[in-house]
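These notes concern the structure reproduced below.
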Amino acid sequence: MIAVVVQVAQAAGPLKRTANTSLTNMPSALPTFGFTYTNALAGMIFTSPVAITSPPGETNRLFIVEKNGAIVVITNLASPNRTLFISLTNKLTAGANVNWLGEEGVLGMAFHPGYATNRYFYVFYTGSTNSSTDRHDILARYQTTAGNPNQGDAASAQILFAQFDQAENHNGGDLHFGPDGYLYFGLGDEGGGDGQFGNDQEITNNFFSALCRIDVDKRSTNLPPNPHPALRGQTNYFIPANNPYVGATNFNGFTVNSKTVRTEFWAVGFRNPWRFSFDTDGTLYCADVGQDNREELDIVTAGGNYGWNFWEGFLQRTNNAQIAAVAPGFTHTPPLLDYSQAGFRAIVGGFVYRGDKYPQLYGSYIYGDHVSGNIWEMKRSGTNVTENSLIMVDDKNGQSYNFSGLSAFGIDPSNNDLLYADVQAGNNGSIKRLIYNNTTNGAPVPTLLSATGAFTNLATLGFSPGIVAYDINTPFWSDNAIKTRFFSVPNTNLTITFNPTGSWTFPTGTVWIKHFELEITNGVPSSRRRIETRFMISNTNGGYGVTYRWTTPPTNAVLVAEAGLDESITNYTSGGSISNVQVWHYPSRVECIQCHSPSSGFALSFNTWQLNRDFTYNSTTTNQLKALSLSGYFSNSVTNQHLLRALAHATNSAVSLEYRVRSYLDANCSYCHQSESARALWDGRITTPGCANNIINGPLMNNLGNTNNRVVVPGSLANSVLFQRVANMGSSHMPPLATALVNTEAVNLLAAWITNELTSYVSYESWQSNYFGSTNAPNGMKLADPDNDGAKNYLEYLTKTSPTNAASAWAININASNSNAIILIPQIANRAFEVQTTTNLFDSNSWSALDILDNAPSYPISNRAATVSEPLQPGSPRYYRARVFEP
């Protein structure tokens with residue numbers, strides 16, 4: 001058995017703060033690296049490749065779109081094979097300019113979200129309809145051949161629209177399904193120059209100069225498109241009912257006919273949107289190629305007008321005969337950034353990097369320039385660009401022409417690597433992969449745990465002075481790991497900003513250390529094996545994380561590579577037989593910052609409700625928050641300590657099931673699931689009350705194909721998606737990172753809550769309807785008191801009394817005993833109370849809560865008689881009241 005000895009570098013007694021000087025080997029930030037490229041598909045060349053894509057959920061196929069009409073499928077990405085997927089060459093306009101400099105041909109491809117079952121994919125190309133020489137911008141749906149996913153069926157075409165186009169350039173053509181399941185596609189301004197065809201600030205003419213959003217599944221709640229010759233009398237898609245121009249009667253200050261509006265338009269004012277993409281939070285980035293001056297990058301939102309041809313980037317255009325006076329009702333949506341065309345020519349939109357290999361790029365939008373070959377990474381905060389750095393320049397391959405040929409970005413589905421296409425003059429195109437080069441900036445991370453300075457003795461895990469052990473109320477699920485936690489604020493002149501109800505603020509250089517062990521033989525403590533020791537270090541940009549994997553035997557631990565690592569660990573029963581082989585995941589550095597994000601407070605579980613518990617420092621046991629406050633770790637004192645919230649462990653049977661579930665969700669889910677996040681519609685933070693967190697009967701971003709599903713449905717495990725995602729492994733398992741085993745304790749807790757406690761759940765809205773017939777009846781408002789018993793409706797709801805019967809009331813009683821005031825509380829199951837006091841009934845601001853242990857917030861499993869006691873104050877009247885609240 002390998003034990004962890006908890007020591008504190010101080011004299012016996014209360015926690016004493018000590019400076020730490022041993023962690024100086026841990027750099028303040030991870031070193032950064034330069035970038036170059038390698039051929040992602042060695043030995044394969046392509047003819048003017050302009051798009052790279054993959055079917056949703058697949059990891060071993062890549063599709064390359066060539067302008068000349070060929071779409072190629074690459075299978076077995078570890079050892080790539082190339083097959084012609086479909087040829088649309090005979091669909092293209094005769095004589096179309098599909099060479100590496102041209103803008104015609106097949107321009108984009110997207111797979112339906114349900115491709116795995118319906119086999120649909122969509123293609124945008126410039127082609128012919130009635131004759132071989134006419135030119136149309138065409139969006140068409142195709143299907144793969146039944147039984148052969150690597151063969152598209154050219155005879156399965158269904159045209160969604162075919163828009164006549166007068167010029168060969170500015171065709172847009174990128175298309176992607178958004179997180180809402182709708183198909184988005186980009187349209188140029190019909191070409192020529194300076195917006196000469198007049199499409200740029202119009203929403204009632206043709207399919208040009210816009211980003212569009214359509215419903216290819218024709219959902220019943222949506223609308224048919226307005227008639228147009230491009231539809232050829234067909235209705236092969238619907239318009240989402242919430243598209244911004246549905247029902248529009250005014251545009252740019254001018255009256256328009258709503259029956260001729262192109263309701264497909266999601267946003268307008270584009271010249272040639274060349275590549276757009278969605279980030280994981282739904283943000284839509286779009287690059288728009290400029291005319292003579294500026295290239296721009298936009299964040300596209302519903303109804304945005306990105307200015308062409310009144311504006312080019314941040315530059316207002318006034319010097320060309322094609323430019324009309326700015327419309328009186330025009331509102332410009334400015335770009336996120338722009339850059340001059342001096343030395344450049346055409347922006348190429350990319351993707352936000354969400355891979356594991358390159359932590360310095362995580363969360364950065366990667367984009368480039370077709371002419372210069374420049375590739376940049378951009379970070380932002382809202383609409384403010386916080387970083388926009390050149391990371392590499394693609395070479396021109398020794399060619400005599402002055403173009404790099406960079407034409408599109410894509411993602412390798414097998415590992416999330418960033419790829420880009422290079423048209424490389426003629427038939428010599430290639431697909432390239434972004435990789436590190438040999439340049440490094442910054443101090444390296446120590447390669448051995450012994451070199452970090454965290455421990456004075458690795459055998460006993462004796463930690464260095466200025467490093468403090470701590471514990472939490474509700475741990476994050478880590479596949480049965482036994483965890484020990486430490487932290488350090490090395491500089492004693494720096495302090496933590498305490499927040500009783502939100503995330504704390506930490507000084508730069510704060511370090512957290514978490515050590516993991518596993519019982520290899522179930523129930524045998526002596527079989528514990530050291531697995532890993534993780535570090536999180538805060539800095540001005542948030543921070544970074546690394547982990548060390550212990551050797552066998554456990555004499556040291558070795559730094560895990562940036563991309564993380566998986567290890568198979570065999571577990572045994574007490575009888576010595578194999579119980580299972582679990583895959584232990586050492587997190588990548590990107591995964592560390594995915595969870596330890598600014599919105600989560602960076603230091604997960606290092607907050608008020610997790611640390612509000614007792615801990616033994618040497619021989620003295622005291623509350624951790626009190627100890628940290630008295631020892632000077634906080635810039636502001638901890639007050640009202642007994643009134644602070646504390647999470648409840650899943651096994652604490654004295655606490656209500658709901659509060660234990662809420663505690664589990666806060667510890668395991670709230671780093672993503674919170675109101676500031678676009679990843680979900682529900683909020684897992686313990687500080688968000690149940691009436692506002694959208695958990696019970698809450699809506700879903702993805703209902704898994706069942707309209708009866710909700711986040712949690714009282715009484716139904718089958719329709720409770722939260723339960724299903726915790727209870728089942730697979731791609732949709734939650735939490736999504738660092739786990740390969742189902743948390744049976746959490747599954748049982750959730751099941752008990754949903755099928756037992758929640759079966760009697762009544763929302764306030766249902767309670768209103770039950771008593772008052774509707775949710776908007778004046779007598780049913782939360783602050784109304786229709787039975788005049790002094791209890792507002794919301795108190796009656798919380799205490800389960802009748803709002804229409806004054807005899808049905810919840811009340812507290814007060815007795816005097818042995819010079820103490822005894823407040824008797826009939827506490828309701830799953831309801832907390834707070835006793836408040838004043839000496840002046842006529843001053844509403846004089847009430848204050850009693851900061852005593854009896855008054856600490858708690859949510860009992862059943863009704864109980866609670867008491868709160870405080871000494872009487874002679875000669876001074878004292879009044880009491882109680883506040884009741886839900887989890």
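Naming works like this for the structure tokens: A, B, ... for the chains as they're shown, residue 1 at the start of each chain, ligands 1 onward in shown order.
Excluding A:Gly181 and any residue on its chain fewer than 3 positions from it, the residues at most 8 Å away by only C-alpha atoms are Pro113, Phe177, Gly178 and Asp215 of chain A.
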I'd like the neighbourhood of A:Phe486 as a ChimeraX atom specification, where a residue qualifies if any of its atoms comes within 7 Å (using only C-alpha atoms), though same-chain residues fewer than 4 positions away should be ignored.
/A:467-470,512-514
Just write the chosen residues, N, CA, C and O atoms, as a short mmCIF file (atom, residue, chain, number, x, y, z; two decimals), in the first residue's frame.
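Writing done, so here's result.cif:
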```cif
data_model
loop_
_atom_site.label_atom_id
_atom_site.label_comp_id
_atom_site.auth_asym_id
_atom_site.auth_seq_id
_atom_site.Cartn_x
_atom_site.Cartn_y
_atom_site.Cartn_z
N ILE A 467 2.87 24.73 0.08
CA ILE A 467 1.85 23.94 -0.61
C ILE A 467 0.92 23.38 0.45
O ILE A 467 1.38 22.83 1.46
N VAL A 468 -0.37 23.52 0.24
CA VAL A 468 -1.37 23.20 1.28
C VAL A 468 -2.31 22.13 0.76
O VAL A 468 -2.82 22.22 -0.37
N ALA A 469 -2.58 21.12 1.56
CA ALA A 469 -3.56 20.09 1.21
C ALA A 469 -4.97 20.62 1.49
O ALA A 469 -5.17 21.44 2.39
N TYR A 470 -5.92 20.13 0.74
CA TYR A 470 -7.32 20.50 0.97
C TYR A 470 -8.21 19.36 0.50
O TYR A 470 -7.75 18.43 -0.16
N TRP A 512 -2.41 24.36 -8.60
CA TRP A 512 -3.20 23.28 -8.00
C TRP A 512 -2.60 21.95 -8.43
O TRP A 512 -2.17 21.80 -9.58
N ILE A 513 -2.56 21.02 -7.52
CA ILE A 513 -1.98 19.70 -7.78
C ILE A 513 -2.99 18.65 -7.36
O ILE A 513 -3.56 18.74 -6.25
N LYS A 514 -3.24 17.69 -8.22
CA LYS A 514 -4.18 16.61 -7.89
C LYS A 514 -3.52 15.27 -8.20
O LYS A 514 -3.05 15.05 -9.32
#
```
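Distance check against A:Glu532 using only C-alpha atoms: of A:Ile496, A:Ile482, A:Leu406, A:Val246, the minimum falls on A:Ile482.
Among the candidates A:Ile86, A:Ala248, A:Leu559, A:Ala421, the one nearest to A:Arg589 when counting only C-alpha atoms is A:Leu559.
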Residues of stretch 537-742 of chain A in alpha helix (DSSP H) according to DSSP, as a VMD selection string?
chain A and resid 589 to 595 608 to 611 624 to 630 657 to 668 721 to 727
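Take atom CA of A:Gly715 and atom CA of A:Leu758: the distance between them is 6.5 Å.
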Who sits within 12 Å of A:Arg710, only C-alpha atoms, same chain under 3 positions skipped, as an MDAnalysis selection string
chainID A and resid 680:682 694:707 713:724
If you count only C-alpha atoms, which residues fall within 8 Å of A:Ala650, apart from same-chain ones fewer than 5 positions away, as a list in words?
Thr474, Arg660, Val661, Ser663, Tyr664, Glu745, Ala746 and Leu749 of chain A
Write out, as a PDB file, in the first residue's frame, the residues just selected, with C-alpha atoms.
```pdb
ATOM      1  CA  THR A 474     -18.410  16.416  -3.879  1.00  0.00           C
ATOM      2  CA  ARG A 660     -27.566  15.599  -3.912  1.00  0.00           C
ATOM      3  CA  VAL A 661     -28.279  15.492  -7.646  1.00  0.00           C
ATOM      4  CA  SER A 663     -24.424  18.824  -6.047  1.00  0.00           C
ATOM      5  CA  TYR A 664     -23.349  16.075  -8.451  1.00  0.00           C
ATOM      6  CA  GLU A 745     -23.429   5.841  -7.858  1.00  0.00           C
ATOM      7  CA  ALA A 746     -24.552   8.825  -9.936  1.00  0.00           C
ATOM      8  CA  LEU A 749     -28.921   8.710  -7.511  1.00  0.00           C
TER       9      LEU A 749
END
```
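If you measure from each of A:Asp789, A:Leu644, A:Asn81, A:Tyr879 to A:Ile852 using only C-alpha atoms, the closest one turns out to be A:Leu644.
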Between A:Ser209, A:Asn457, A:Asn68, A:Asn118, which is the closest to A:Gly105 once you count only C-alpha atoms?
A:Asn68
Excluding stretch 259-263 of chain A and its own-chain neighbours fewer than 6 positions away, which residues fall within 6 Å of it when counting only C-alpha atoms? Please give them as a CSV table (one decimal) with C-alpha atoms, in the first residue's frame.
```csv
chain,number,residue,atom,x,y,z
A,203,ILE,CA,-33.5,40.9,-50.6
A,204,THR,CA,-36.3,40.6,-53.3
A,245,TYR,CA,-36.6,38.1,-43.4
A,246,VAL,CA,-39.7,36.0,-43.1
```
Which of stretch 5-149 of chain A end up as strand (DSSP E or B) when DSSP is run on this backbone - answer as a PyMOL selection string?
chain A and resi 32-39+46+49-53+61-66+70-75+81-87+92+106-111+120-127+136-145+148-149
